[in-house]
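Asker: Structure file coords.txt (compact mmCIF, C-alpha atoms) right here:
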```txt
# COMPACT_ATOMS: atom_id res chain seq x y z
CA MET B 65 95.80 104.62 75.25
CA GLY B 66 96.26 102.36 72.21
CA ARG B 67 99.53 101.07 73.58
CA ARG B 68 97.96 100.36 76.96
CA LYS B 69 95.16 98.46 75.25
CA ARG B 70 97.62 96.34 73.32
CA VAL B 71 99.51 95.56 76.51
CA LEU B 72 96.27 94.48 78.18
CA GLN B 73 95.40 92.28 75.20
CA ILE B 74 98.82 90.64 75.20
CA THR B 75 98.60 90.08 78.93
CA ALA B 76 95.15 88.49 78.61
CA VAL B 77 96.32 86.19 75.82
CA ALA B 78 99.40 85.20 77.82
CA ALA B 79 97.25 84.50 80.86
CA ALA B 80 94.87 82.39 78.78
CA VAL B 81 97.79 80.43 77.30
CA ALA B 82 99.29 79.92 80.75
CA LEU B 83 95.91 78.82 82.11
CA ALA B 84 95.39 76.39 79.23
CA ALA B 85 98.91 75.05 79.70
CA GLY B 86 98.21 74.61 83.38
CA PHE B 87 95.04 72.64 82.67
CA ALA B 88 96.88 70.56 80.07
CA ILE B 89 99.68 69.76 82.52
CA GLN B 90 97.15 68.95 85.23
CA GLY B 91 95.20 66.71 82.83
CA TYR B 92 98.36 64.96 81.68
CA SER B 93 99.43 64.45 85.29
CA ARG B 94 96.03 63.02 86.19
CA ALA B 95 96.07 60.71 83.14
CA ALA B 96 99.59 59.54 83.99
CA ARG B 97 98.57 58.85 87.58
CA ASN B 98 95.51 56.88 86.42
CA GLN B 99 97.67 54.89 84.03
CA ARG B 100 100.10 54.03 86.83
CA LEU B 101 97.19 52.91 89.03
CA LEU B 102 95.88 50.75 86.19
CA GLU B 103 99.28 49.15 85.73
CA MET B 104 99.71 48.54 89.47
CA ASN B 105 96.25 46.96 89.70
CA ALA B 106 96.99 44.75 86.69
CA VAL B 107 100.28 43.59 88.23
CA ARG B 108 98.55 42.79 91.52
CA ALA B 109 95.76 40.89 89.72
CA TYR B 110 98.30 38.97 87.67
CA TYR B 111 100.25 37.90 90.77
CA GLU B 112 96.99 36.76 92.38
CA LEU B 113 96.13 34.81 89.22
CA THR B 114 99.52 33.12 89.19
CA ALA B 115 99.29 32.18 92.87
CA ALA B 116 95.76 30.78 92.52
CA VAL B 117 96.66 28.70 89.45
CA SER B 118 99.74 27.33 91.24
CA GLU B 119 97.52 26.28 94.14
CA MET B 120 95.03 24.73 91.70
CA ASP B 121 97.87 22.76 90.17
CA ALA B 122 98.91 21.44 93.61
CA ASP B 123 95.33 20.39 94.41
CA LEU B 124 94.97 18.61 91.06
CA GLN B 125 98.25 16.74 91.57
CA LYS B 126 97.03 15.51 94.97
CA LEU B 127 93.58 14.55 93.66
CA GLN B 128 95.11 11.97 91.30
CA TYR B 129 96.07 9.82 94.29
CA VAL B 130 93.05 10.25 96.62
CA THR B 131 91.16 7.08 97.53
CA THR B 132 88.74 8.26 100.26
CA PRO B 133 85.59 10.34 99.61
CA VAL B 134 86.14 12.61 102.62
CA LEU B 135 89.58 13.81 101.49
CA MET B 136 88.41 14.05 97.88
CA GLN B 137 85.53 16.30 98.92
CA SER B 138 87.90 18.51 100.89
CA LEU B 139 90.42 18.86 98.05
CA CYS B 140 87.68 19.45 95.47
CA ALA B 141 86.20 22.19 97.64
CA ASP B 142 89.65 23.79 97.85
CA LEU B 143 90.10 23.44 94.08
CA TYR B 144 86.74 25.10 93.44
CA ALA B 145 87.66 28.02 95.73
CA ARG B 146 91.06 28.48 94.00
CA ALA B 147 89.40 28.42 90.58
CA MET B 148 86.94 31.13 91.68
CA THR B 149 89.84 33.24 93.01
CA ALA B 150 91.73 32.80 89.74
CA GLN B 151 88.67 33.80 87.70
CA MET B 152 88.17 36.96 89.77
CA ALA B 153 91.84 37.91 89.38
CA LEU B 154 91.70 37.22 85.65
CA GLY B 155 88.61 39.40 85.37
CA GLU B 156 90.61 42.40 86.61
CA LEU B 157 93.05 42.17 83.68
CA PRO B 158 91.90 44.36 80.77
CA ALA B 159 90.38 42.46 77.83
CA SER B 160 91.15 39.12 79.48
CA ASP B 161 87.92 37.57 78.20
CA VAL B 162 89.15 38.12 74.63
CA LEU B 163 92.92 37.74 74.86
CA LEU B 164 92.97 34.98 77.48
CA GLU B 165 89.87 33.17 76.28
CA GLN B 166 91.29 29.65 76.68
CA THR B 167 92.54 30.44 80.18
CA CYS B 168 89.08 31.78 81.14
CA ALA B 169 87.41 28.63 79.79
CA PHE B 170 89.86 26.32 81.58
CA LEU B 171 89.35 28.01 84.95
CA ALA B 172 85.55 27.98 84.60
CA GLN B 173 85.48 24.34 83.52
CA THR B 174 87.87 23.17 86.23
CA GLY B 175 86.00 25.04 88.97
CA ASP B 176 82.62 23.71 87.88
CA TYR B 177 83.96 20.16 87.59
CA ALA B 178 85.45 20.37 91.10
CA ASN B 179 82.11 21.59 92.46
CA ALA B 180 80.32 18.69 90.76
CA LEU B 181 82.79 16.22 92.28
CA VAL B 182 82.14 17.58 95.78
CA LYS B 183 78.53 16.42 95.37
CA SER B 184 79.04 13.20 93.41
CA CYS B 185 81.85 11.68 95.48
CA ALA B 186 79.70 11.90 98.61
CA LEU B 187 77.27 9.48 96.94
CA GLU B 188 79.45 7.44 94.61
CA GLY B 189 82.94 7.70 96.14
CA CYS B 190 86.08 8.03 94.03
CA ARG B 191 85.43 6.81 90.50
CA GLN B 192 88.08 5.63 88.04
CA GLU B 193 86.84 7.94 85.27
CA ASP B 194 87.18 10.95 87.57
CA SER B 195 90.78 10.01 88.39
CA LEU B 196 91.59 9.88 84.68
CA GLN B 197 89.98 13.25 83.98
CA LEU B 198 91.69 14.82 87.00
CA GLY B 199 95.02 13.57 85.67
CA GLN B 200 94.37 15.28 82.34
CA LEU B 201 93.41 18.51 84.10
CA ALA B 202 96.57 18.26 86.21
CA GLU B 203 98.73 18.13 83.07
CA ALA B 204 97.00 21.20 81.64
CA SER B 205 97.21 23.13 84.91
CA SER B 206 100.93 22.41 85.26
CA ALA B 207 101.61 23.77 81.80
CA LEU B 208 99.47 26.85 82.43
CA SER B 209 101.09 27.47 85.83
CA SER B 210 104.58 27.27 84.31
CA ALA B 211 103.68 29.77 81.59
CA LEU B 212 102.17 32.20 84.10
CA LEU B 213 105.18 31.90 86.42
CA GLU B 214 107.54 32.54 83.53
CA LEU B 215 105.80 35.81 82.69
CA GLU B 216 105.69 36.72 86.39
CA ALA B 217 109.45 36.26 86.56
CA GLY B 218 109.78 38.59 83.60
CA LEU B 219 107.66 41.23 85.31
CA SER B 220 109.71 40.92 88.50
CA GLY B 221 113.05 40.87 86.70
CA GLY B 222 112.32 43.73 84.33
CA THR B 223 112.38 41.72 81.08
CA ALA B 224 108.61 42.21 80.74
CA ASP B 225 106.68 45.40 81.36
CA MET B 226 103.00 45.54 82.33
CA ALA B 227 102.50 48.90 80.60
CA ARG B 228 103.62 47.43 77.28
CA LEU B 229 101.51 44.33 77.85
CA LEU B 230 98.42 46.46 78.48
CA ASP B 231 99.12 48.58 75.39
CA ALA B 232 99.45 45.41 73.34
CA GLU B 233 96.20 44.05 74.78
CA GLN B 234 94.31 47.20 73.86
CA THR B 235 95.73 47.11 70.32
CA LEU B 236 94.83 43.48 69.79
CA SER B 237 91.39 43.71 71.39
CA ALA B 238 90.60 46.65 69.12
CA GLY B 239 91.39 44.43 66.12
CA ASP B 240 94.39 46.47 64.98
CA GLY B 241 96.54 43.47 64.22
CA GLN B 242 99.70 42.31 65.91
CA ALA B 243 101.40 44.29 68.63
CA GLU B 244 104.94 44.10 69.88
CA THR B 245 105.09 43.14 73.54
CA GLY B 246 108.80 42.69 73.97
CA GLY B 247 109.11 39.05 74.95
CA ASN B 248 106.70 36.94 76.96
CA SER B 249 103.08 38.10 76.77
CA PHE B 250 99.52 37.03 77.44
CA GLN B 251 99.28 36.04 73.78
CA ASP B 252 102.21 33.67 74.23
CA ILE B 253 100.31 31.98 77.06
CA GLU B 254 97.28 31.50 74.81
CA ALA B 255 99.36 30.32 71.85
CA ASP B 256 101.09 27.68 73.99
CA PHE B 257 97.96 26.74 75.92
CA PRO B 258 97.86 22.97 76.48
CA GLU B 259 95.11 20.82 75.03
CA THR B 260 92.40 20.54 77.67
CA PRO B 261 90.49 17.31 78.27
CA SER B 262 86.91 16.74 77.21
CA LEU B 263 85.21 16.33 80.57
CA ILE B 264 82.12 14.17 80.88
CA TYR B 265 80.23 14.93 84.09
CA ASP B 266 76.95 16.32 85.37
CA GLY B 267 77.67 19.99 84.78
CA PRO B 268 77.25 22.83 82.25
CA PHE B 269 80.79 22.52 80.84
CA SER B 270 80.53 18.79 80.14
CA GLU B 271 81.53 17.71 76.64
CA HIS B 272 78.35 15.66 76.21
CA LEU B 273 76.25 18.85 76.08
CA SER B 274 77.84 19.92 72.79
CA ARG B 275 76.66 16.64 71.27
CA ARG B 276 73.07 16.79 72.53
CA ILE B 277 70.32 16.18 70.03
CA PRO B 278 66.79 17.62 70.38
CA LEU B 279 64.80 14.62 71.58
CA ALA B 280 61.43 15.91 70.39
CA LEU B 281 62.77 16.15 66.83
CA GLU B 282 64.60 12.82 66.74
CA GLY B 283 63.87 10.92 63.53
CA LEU B 284 61.93 13.80 61.91
CA GLU B 285 62.68 15.05 58.40
CA GLU B 286 63.99 18.49 57.44
CA VAL B 287 61.32 20.97 56.31
CA THR B 288 61.67 23.44 53.47
CA GLN B 289 61.13 27.17 53.89
CA GLU B 290 57.74 26.83 52.20
CA GLN B 291 56.73 24.10 54.63
CA ALA B 292 57.93 26.25 57.53
CA LEU B 293 55.70 29.09 56.26
CA GLU B 294 52.72 26.74 56.36
CA ARG B 295 53.59 25.50 59.87
CA ALA B 296 53.92 29.07 61.12
CA ALA B 297 50.62 30.11 59.51
CA ALA B 298 48.79 27.16 61.11
CA PHE B 299 50.35 27.99 64.47
CA LEU B 300 49.35 31.66 64.20
CA GLY B 301 45.91 30.93 62.78
CA CYS B 302 46.48 32.96 59.60
CA GLN B 303 46.91 32.32 55.88
CA PRO B 304 50.34 31.19 54.53
CA GLN B 305 50.51 34.23 52.23
CA GLU B 306 50.50 36.46 55.33
CA VAL B 307 53.81 34.93 56.46
CA THR B 308 57.10 36.04 54.88
CA PRO B 309 60.70 34.77 55.20
CA ALA B 310 62.98 36.73 57.55
CA GLY B 311 66.23 34.75 57.39
CA GLN B 312 67.68 31.66 59.00
CA GLY B 313 68.86 30.83 62.51
CA ALA B 314 72.09 28.85 62.78
CA GLY B 315 73.71 27.24 65.81
CA ALA B 316 72.94 23.96 67.53
CA LEU B 317 69.25 24.21 66.63
CA PRO B 318 68.92 25.61 63.06
CA THR B 319 65.64 27.41 62.30
CA TRP B 320 63.69 29.23 59.63
CA ALA B 321 62.95 32.81 60.71
CA LEU B 322 59.58 34.20 59.57
CA ARG B 323 57.38 37.27 60.03
CA ALA B 324 53.63 37.86 60.00
CA GLY B 325 52.71 41.46 60.77
CA ASN B 326 54.10 42.25 64.23
CA ALA B 327 54.82 38.57 64.90
CA TYR B 328 58.28 37.02 64.60
CA VAL B 329 58.38 33.22 64.44
CA GLU B 330 61.19 30.66 64.39
CA VAL B 331 60.49 27.16 63.07
CA THR B 332 63.05 24.36 63.48
CA ARG B 333 64.45 23.16 60.19
CA GLN B 334 64.33 19.60 61.45
CA GLY B 335 60.76 18.60 62.19
CA GLY B 336 59.15 22.00 61.59
CA GLN B 337 58.42 22.65 65.29
CA VAL B 338 57.62 26.24 66.26
CA LEU B 339 60.47 27.15 68.60
CA GLU B 340 59.61 30.76 69.33
CA LEU B 341 56.89 33.34 68.76
CA LEU B 342 57.21 36.99 69.67
CA ASN B 343 54.51 39.55 68.90
CA ALA B 344 55.92 43.05 69.39
CA ARG B 345 52.61 44.90 69.34
CA SER B 346 51.78 47.46 72.03
CA VAL B 347 49.64 46.10 74.86
CA GLY B 348 46.94 48.34 76.29
CA GLU B 349 45.31 48.51 79.70
CA ALA B 350 44.52 45.18 81.35
CA ALA B 351 40.98 43.90 80.79
CA VAL B 352 41.61 40.16 81.21
CA SER B 353 42.03 38.47 84.61
CA THR B 354 44.84 36.11 85.52
CA VAL B 355 42.38 33.19 85.60
CA GLN B 356 41.16 34.03 82.09
CA ALA B 357 44.76 34.38 80.85
CA VAL B 358 45.71 30.98 82.24
CA ALA B 359 42.68 29.42 80.54
CA ALA B 360 43.56 31.11 77.23
CA ALA B 361 47.15 29.83 77.42
CA LYS B 362 46.03 26.27 78.19
CA ALA B 363 43.53 26.30 75.33
CA PHE B 364 46.21 27.65 72.97
CA LEU B 365 48.54 24.79 73.87
CA GLU B 366 45.87 22.10 73.60
CA GLU B 367 44.78 23.34 70.18
CA ARG B 368 48.38 22.96 69.01
CA GLY B 369 48.87 19.45 70.28
CA PHE B 370 50.44 20.12 73.69
CA SER B 371 48.24 18.02 75.94
CA SER B 372 48.43 17.22 79.66
CA MET B 373 50.21 20.52 80.37
CA LYS B 374 50.23 21.86 83.93
CA GLU B 375 50.81 25.52 84.74
CA SER B 376 53.44 26.08 87.42
CA TYR B 377 54.30 29.74 87.92
CA HIS B 378 53.71 33.05 86.19
CA ILE B 379 55.00 36.60 86.15
CA ARG B 380 53.22 39.78 85.02
CA GLN B 381 55.12 42.60 83.34
CA ASP B 382 53.79 45.53 81.28
CA ASN B 383 50.32 43.95 81.15
CA VAL B 384 51.69 40.72 79.70
CA LEU B 385 51.33 37.52 81.74
CA THR B 386 54.07 34.93 81.06
CA LEU B 387 53.22 31.41 82.23
CA HIS B 388 55.43 28.34 82.59
CA PHE B 389 53.91 24.98 81.62
CA ALA B 390 55.29 21.46 81.94
CA PRO B 391 53.69 18.19 80.83
CA MET B 392 52.44 15.43 83.09
CA GLN B 393 53.50 11.85 82.36
CA GLY B 394 51.25 9.82 84.56
CA ASP B 395 51.54 11.39 87.99
CA VAL B 396 55.00 12.90 87.31
CA LEU B 397 55.48 16.56 86.36
CA CYS B 398 58.30 16.80 83.79
CA TYR B 399 60.00 20.17 84.37
CA PRO B 400 62.73 19.74 81.69
CA ASP B 401 60.02 19.94 78.96
CA LEU B 402 59.22 23.54 79.86
CA ILE B 403 57.09 25.72 77.57
CA LYS B 404 56.52 29.44 78.13
CA VAL B 405 53.38 31.21 76.92
CA SER B 406 52.80 34.98 77.14
CA VAL B 407 49.27 36.41 77.14
CA ALA B 408 48.38 40.07 76.47
CA LEU B 409 46.03 41.16 79.24
CA ASP B 410 44.24 43.77 77.13
CA ASN B 411 42.45 41.15 75.00
CA GLY B 412 43.82 37.68 75.90
CA GLU B 413 45.86 37.32 72.70
CA ILE B 414 48.91 35.03 72.76
CA VAL B 415 51.90 37.31 72.16
CA GLY B 416 54.74 34.99 73.15
CA PHE B 417 55.68 31.32 72.97
CA GLU B 418 58.99 29.54 73.64
CA SER B 419 59.47 25.75 73.47
CA HIS B 420 63.25 25.24 73.68
CA GLY B 421 62.93 23.02 76.76
CA TRP B 422 60.26 20.92 75.08
CA VAL B 423 62.18 20.55 71.80
CA MET B 424 65.44 19.55 73.51
CA ASN B 425 64.02 17.22 76.16
CA HIS B 426 60.53 15.93 75.39
CA THR B 427 60.25 12.21 74.91
CA ARG B 428 58.23 9.32 76.30
CA ARG B 429 60.27 8.36 79.34
CA ALA B 430 60.61 5.02 81.07
CA LEU B 431 60.06 6.38 84.56
CA GLU B 432 61.03 4.10 87.42
CA THR B 433 58.84 3.51 90.45
CA PRO B 434 60.13 5.66 93.33
CA GLN B 435 62.21 3.60 95.77
CA ILE B 436 61.53 6.16 98.50
CA SER B 437 57.91 6.67 99.52
CA ARG B 438 56.35 10.06 100.09
CA GLU B 439 56.34 9.47 103.84
CA GLU B 440 60.02 8.47 103.86
CA ALA B 441 60.98 11.45 101.66
CA GLN B 442 59.12 13.88 103.89
CA THR B 443 61.41 12.98 106.81
CA ALA B 444 64.18 14.78 104.89
CA VAL B 445 62.22 18.06 104.96
CA SER B 446 63.29 20.48 107.68
CA PRO B 447 61.04 20.51 110.77
CA GLN B 448 61.04 24.31 110.44
CA LEU B 449 58.90 23.92 107.29
CA GLU B 450 55.21 23.10 107.06
CA VAL B 451 54.45 20.82 104.10
CA LEU B 452 51.51 22.15 102.08
CA SER B 453 51.47 19.85 99.06
CA HIS B 454 53.32 17.00 97.34
CA GLN B 455 54.03 16.14 93.71
CA LEU B 456 56.32 13.68 91.97
CA ALA B 457 58.53 15.71 89.64
CA LEU B 458 61.33 15.16 87.18
CA ILE B 459 63.89 17.96 87.51
CA PRO B 460 66.95 18.83 85.38
CA THR B 461 70.47 18.77 86.75
CA ALA B 462 73.26 21.22 85.87
CA GLY B 463 74.49 18.78 83.24
CA GLU B 464 71.00 18.44 81.79
CA SER B 465 70.42 14.95 83.14
CA GLU B 466 67.17 14.28 84.94
CA VAL B 467 66.34 13.20 88.52
CA LEU B 468 63.00 11.89 89.76
CA CYS B 469 62.13 13.65 93.01
CA HIS B 470 59.41 14.17 95.56
CA GLU B 471 58.50 17.86 95.34
CA PHE B 472 57.22 19.35 98.59
CA LYS B 473 55.76 22.83 98.60
CA CYS B 474 56.30 24.21 102.10
CA ARG B 475 55.60 27.28 104.20
CA THR B 476 58.32 28.86 106.32
CA GLN B 477 57.88 30.33 109.80
CA GLN B 478 57.99 33.76 108.10
CA ASP B 479 54.99 32.77 105.91
CA ALA B 480 57.10 32.50 102.74
CA HIS B 481 57.03 29.49 100.41
CA VAL B 482 59.80 27.02 99.61
CA LEU B 483 60.08 24.02 97.27
CA VAL B 484 62.06 21.07 98.60
CA TYR B 485 63.10 18.28 96.21
CA VAL B 486 64.01 14.89 97.68
CA ASN B 487 65.63 12.27 95.43
CA ALA B 488 63.09 9.47 94.92
CA ALA B 489 65.87 6.87 94.63
CA THR B 490 68.16 7.87 97.50
CA GLY B 491 66.08 9.96 99.89
CA ASN B 492 68.68 12.74 99.86
CA GLU B 493 67.75 16.41 99.48
CA GLU B 494 68.41 17.24 95.86
CA ARG B 495 67.49 20.93 95.69
CA ILE B 496 65.73 23.74 97.57
CA LEU B 497 64.09 26.63 95.72
CA LEU B 498 62.69 29.85 97.16
CA LEU B 499 59.42 31.24 95.81
CA LEU B 500 59.49 35.04 95.69
CA GLU B 501 55.84 36.04 95.44
CA ASP B 502 54.26 39.47 94.97
CA ASP B 503 51.42 41.08 93.04
CA SER B 504 53.25 40.60 89.72
CA GLY B 505 53.58 36.82 90.14
CA THR B 506 56.18 34.32 91.33
CA LEU B 507 59.91 34.14 90.78
CA VAL B 508 61.74 30.88 91.57
CA TRP B 509 65.18 31.38 93.14
```
As a first step, turn the structure in this file into structure tokens.
Answerer:
Amino acid sequence: MGRRKRVLQITAVAAAVALAAGFAIQGYSRAARNQRLLEMNAVRAYYELTAAVSEMDADLQKLQYVTTPVLMQSLCADLYARAMTAQMALGELPASDVLLEQTCAFLAQTGDYANALVKSCALEGCRQEDSLQLGQLAEASSALSSALLELEAGLSGGTADMARLLDAEQTLSAGDGQAETGGNSFQDIEADFPETPSLIYDGPFSEHLSRRIPLALEGLEEVTQEQALERAAAFLGCQPQEVTPAGQGAGALPTWALRAGNAYVEVTRQGGQVLELLNARSVGEAAVSTVQAVAAAKAFLEERGFSSMKESYHIRQDNVLTLHFAPMQGDVLCYPDLIKVSVALDNGEIVGFESHGWVMNHTRRALETPQISREEAQTAVSPQLEVLSHQLALIPTAGESEVLCHEFKCRTQQDAHVLVYVNAATGNEERILLLLEDDSGTLVW
């Protein structure tokens, strides 16, 4: 009986070992299959990237010699589409945002610039400065295309291996130092990346944006931490001793960070302007109406020197009403100078404030008289829309310039609301925004 028991035990152990080995082999096989799929997808994405960049290079070479707006628009639209394709392909390569950072930036900048040119050349034609910048982009794209094609040749010819490249990417992205890649690699492409031009245009990747100064702070002196404490206390309506330092904010707009109970405040080091207030206290059940909250927010702003502010739209979330305000200059609503105020609906307390738009853009502007009248501008509005109201408005562009427009609030045939902006100098439609309205407020899309 003892012998039979031992045999059964041995058999059970052997079966367990065999079963475990089977699972291990199955798991290894599955992992190997997944790895092969990853490598095949990376190779496909890389080939798509190379093809798209080659096509971008061809478009950029042609654009240097274009003289007519119609052809320039067509080629720029093609260039924008190729740049988007290249960015999508690049996004499928593991860790590309880290290891191919310069390539990512170049594709994004080139695509956005091409999109901006599609719009600008329709109004201004082919400008000399654009030809020069396109020539610089063409040089960079040619160098990038050559580097990508060289690595593609290595992948096709067997001198480069995608599996080793991916392993090297994972090692480098994890911060483990250098990794051997056996010849050409993504890191070689980055190391040899050509110097890209500093583009000046009306778009978010324009070089001029990195040199922007906050207009509301221009000419103002730096404040000390002690002075910032006093500014924050006055803004919060408390005593300076109730406010304590909480660090410093760096970046393009340096600040003093401060705390007062549940409130976190940032004060700009230049000028001592309160940039942000966030009160993290819990908000109870709503007892304050929207009308009362709007009045409380307006009074809060007026008491702190923000006069002639007009509320535009608001959104309610977790019993906190966040309102957007912009100042009026004469009869013009200046949207770039946006200020956000959040009101707790349990007692009407101000629990949030953000003035980045105001700090960066607010100044006394020399606004020109509209060349296009309201009646002329309204002819640009679609006949499918019913105009409900009109307002002169200054709106920001993608490159943070400003355009004076006629703003028409309209109703669609489906009883939704739309904002149509018509350029007050040219009469062209500048922008259309959709108002998504529900019980919680209004989102602008």
Asker: Let me make sure I understand: among B:Leu281, B:Met424, B:Val107, B:Ala457, which one has the smallest atom-to-atom distance to Glu156 in chain B if we use all atoms listed in the file?
Answerer: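 Ranked by minimum distance to Glu156 in chain B, first place goes to B:Val107.
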Asker: Taking (55.3, 37.6, 56.3) in the coordinates of the supplied file, I want to know which residues reach to within 10 Å of it, counting all atoms listed in the file; could you give the answer as a PDB file with C-alpha atoms, in the frame of the given file?
Answerer:
```pdb
ATOM      1  CA  LEU B 293      55.700  29.090  56.260  1.00  0.00           C
ATOM      2  CA  ALA B 296      53.920  29.070  61.120  1.00  0.00           C
ATOM      3  CA  ALA B 297      50.620  30.110  59.510  1.00  0.00           C
ATOM      4  CA  GLN B 303      46.910  32.320  55.880  1.00  0.00           C
ATOM      5  CA  PRO B 304      50.340  31.190  54.530  1.00  0.00           C
ATOM      6  CA  GLN B 305      50.510  34.230  52.230  1.00  0.00           C
ATOM      7  CA  GLU B 306      50.500  36.460  55.330  1.00  0.00           C
ATOM      8  CA  VAL B 307      53.810  34.930  56.460  1.00  0.00           C
ATOM      9  CA  THR B 308      57.100  36.040  54.880  1.00  0.00           C
ATOM     10  CA  PRO B 309      60.700  34.770  55.200  1.00  0.00           C
ATOM     11  CA  ALA B 310      62.980  36.730  57.550  1.00  0.00           C
ATOM     12  CA  LEU B 322      59.580  34.200  59.570  1.00  0.00           C
ATOM     13  CA  ARG B 323      57.380  37.270  60.030  1.00  0.00           C
ATOM     14  CA  ALA B 324      53.630  37.860  60.000  1.00  0.00           C
ATOM     15  CA  GLY B 325      52.710  41.460  60.770  1.00  0.00           C
ATOM     16  CA  ASN B 326      54.100  42.250  64.230  1.00  0.00           C
ATOM     17  CA  ALA B 327      54.820  38.570  64.900  1.00  0.00           C
ATOM     18  CA  TYR B 328      58.280  37.020  64.600  1.00  0.00           C
ATOM     19  CA  VAL B 329      58.380  33.220  64.440  1.00  0.00           C
TER      20      VAL B 329
END
```
Asker: Quote the spacing between CA of Ser372 in chain B and CA of Pro391 in chain B in Å to one decimal place.
Answerer: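 So the answer is 5.5 Å.
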Asker: Which residues are close to Thr433 in chain B, i.e. within 10 Å by all atoms listed in the file, leaving aside same-chain residues fewer than 4 positions away? Reply as a list in words.
Answerer: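 Near neighbours after the sequence-gap exclusion: Ser437, Leu468, Ala488 and Ala489 of chain B.
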Asker: Any idea what's packed within 9 Å of range 495-507 of chain B, counting all atoms listed in the file, ignoring anything in its chain fewer than 5 positions away? Could you give it as a ChimeraX atom specification?
Answerer: /B:377-381,385,480-487
Asker: What's the separation between CA of Gln435 in chain B and CA of Tyr399 in chain B, in Å to one decimal place?
Answerer: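 If I compute the distance from CA of Gln435 in chain B to CA of Tyr399 in chain B, I get 20.2 Å.
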Asker: So that I can see what lies close to Lys126 in chain B, please list as JSON, numbers by chain the residues with an atom at most 12 Å from it, counting all atoms listed in the file and leaving out residues fewer than 6 positions away in the same chain.
Answerer: {"B": [119, 120, 135, 136, 138, 139, 140, 142, 143, 195, 198, 199, 201, 202]}
Asker: Give me the residues within 10 Å of Gly416 in chain B as JSON, numbers by chain, counting all atoms listed in the file and dropping any in the same chain fewer than 3 places off.
Answerer: {"B": [327, 328, 329, 340, 341, 342, 343, 344, 384, 385, 386, 387, 404, 405, 406, 407, 408, 413]}
Asker: Could those selected residues go to a file with C-alpha atoms, as a compact mmCIF listing (two decimals), keeping the file's coordinate frame?
Answerer:
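What follows is the written file out.txt:
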```txt
# COMPACT_ATOMS: atom_id res chain seq x y z
CA ALA B 327 54.82 38.57 64.90
CA TYR B 328 58.28 37.02 64.60
CA VAL B 329 58.38 33.22 64.44
CA GLU B 340 59.61 30.76 69.33
CA LEU B 341 56.89 33.34 68.76
CA LEU B 342 57.21 36.99 69.67
CA ASN B 343 54.51 39.55 68.90
CA ALA B 344 55.92 43.05 69.39
CA VAL B 384 51.69 40.72 79.70
CA LEU B 385 51.33 37.52 81.74
CA THR B 386 54.07 34.93 81.06
CA LEU B 387 53.22 31.41 82.23
CA LYS B 404 56.52 29.44 78.13
CA VAL B 405 53.38 31.21 76.92
CA SER B 406 52.80 34.98 77.14
CA VAL B 407 49.27 36.41 77.14
CA ALA B 408 48.38 40.07 76.47
CA GLU B 413 45.86 37.32 72.70
```
Asker: Determine the nearest neighbour of Ser210 in chain B from the options B:Thr114, B:Asn179, B:Asn492, B:Gln477, counting all atoms listed in the file.
Answerer: B:Thr114
Asker: Which one is closest to Ala116 in chain B: B:Ala145, B:Val396, B:Leu196, B:Ala298? Count all atoms listed in the file.
Answerer: B:Ala145
Asker: Closest to Gln442 in chain B among B:Cys469, B:Met373, B:Val347, B:Ala106, using all atoms listed in the file?
Answerer: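 Result for the nearest residue to Gln442 in chain B: B:Cys469.
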Asker: Take CA of Ala360 in chain B and CA of Gly394 in chain B and report the distance between them in Å, one decimal.
Answerer: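 It comes out at 23.8 Å.
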Asker: Which is closest to Ala211 in chain B among B:Ala172, B:Leu124, B:Leu113, B:Met152, if we use all atoms listed in the file?
Answerer: B:Leu113
Asker: Using all atoms listed in the file, which of the listed residues (B:Leu456, B:Val415, B:Leu157, B:Leu284) sits closest to Met392 in chain B?
Answerer: B:Leu456
Asker: Within 12 Å of Ala316 in chain B, counting only C-alpha atoms, which residues qualify if same-chain residues fewer than 2 places away don't, as a PDB file with C-alpha atoms, in the frame of the given file?
Answerer:
```pdb
ATOM      1  CA  LEU B 273      76.250  18.850  76.080  1.00  0.00           C
ATOM      2  CA  SER B 274      77.840  19.920  72.790  1.00  0.00           C
ATOM      3  CA  ARG B 275      76.660  16.640  71.270  1.00  0.00           C
ATOM      4  CA  ARG B 276      73.070  16.790  72.530  1.00  0.00           C
ATOM      5  CA  ILE B 277      70.320  16.180  70.030  1.00  0.00           C
ATOM      6  CA  PRO B 278      66.790  17.620  70.380  1.00  0.00           C
ATOM      7  CA  GLY B 313      68.860  30.830  62.510  1.00  0.00           C
ATOM      8  CA  ALA B 314      72.090  28.850  62.780  1.00  0.00           C
ATOM      9  CA  PRO B 318      68.920  25.610  63.060  1.00  0.00           C
ATOM     10  CA  THR B 319      65.640  27.410  62.300  1.00  0.00           C
ATOM     11  CA  THR B 332      63.050  24.360  63.480  1.00  0.00           C
ATOM     12  CA  ARG B 333      64.450  23.160  60.190  1.00  0.00           C
ATOM     13  CA  GLN B 334      64.330  19.600  61.450  1.00  0.00           C
ATOM     14  CA  HIS B 420      63.250  25.240  73.680  1.00  0.00           C
ATOM     15  CA  MET B 424      65.440  19.550  73.510  1.00  0.00           C
TER      16      MET B 424
END
```
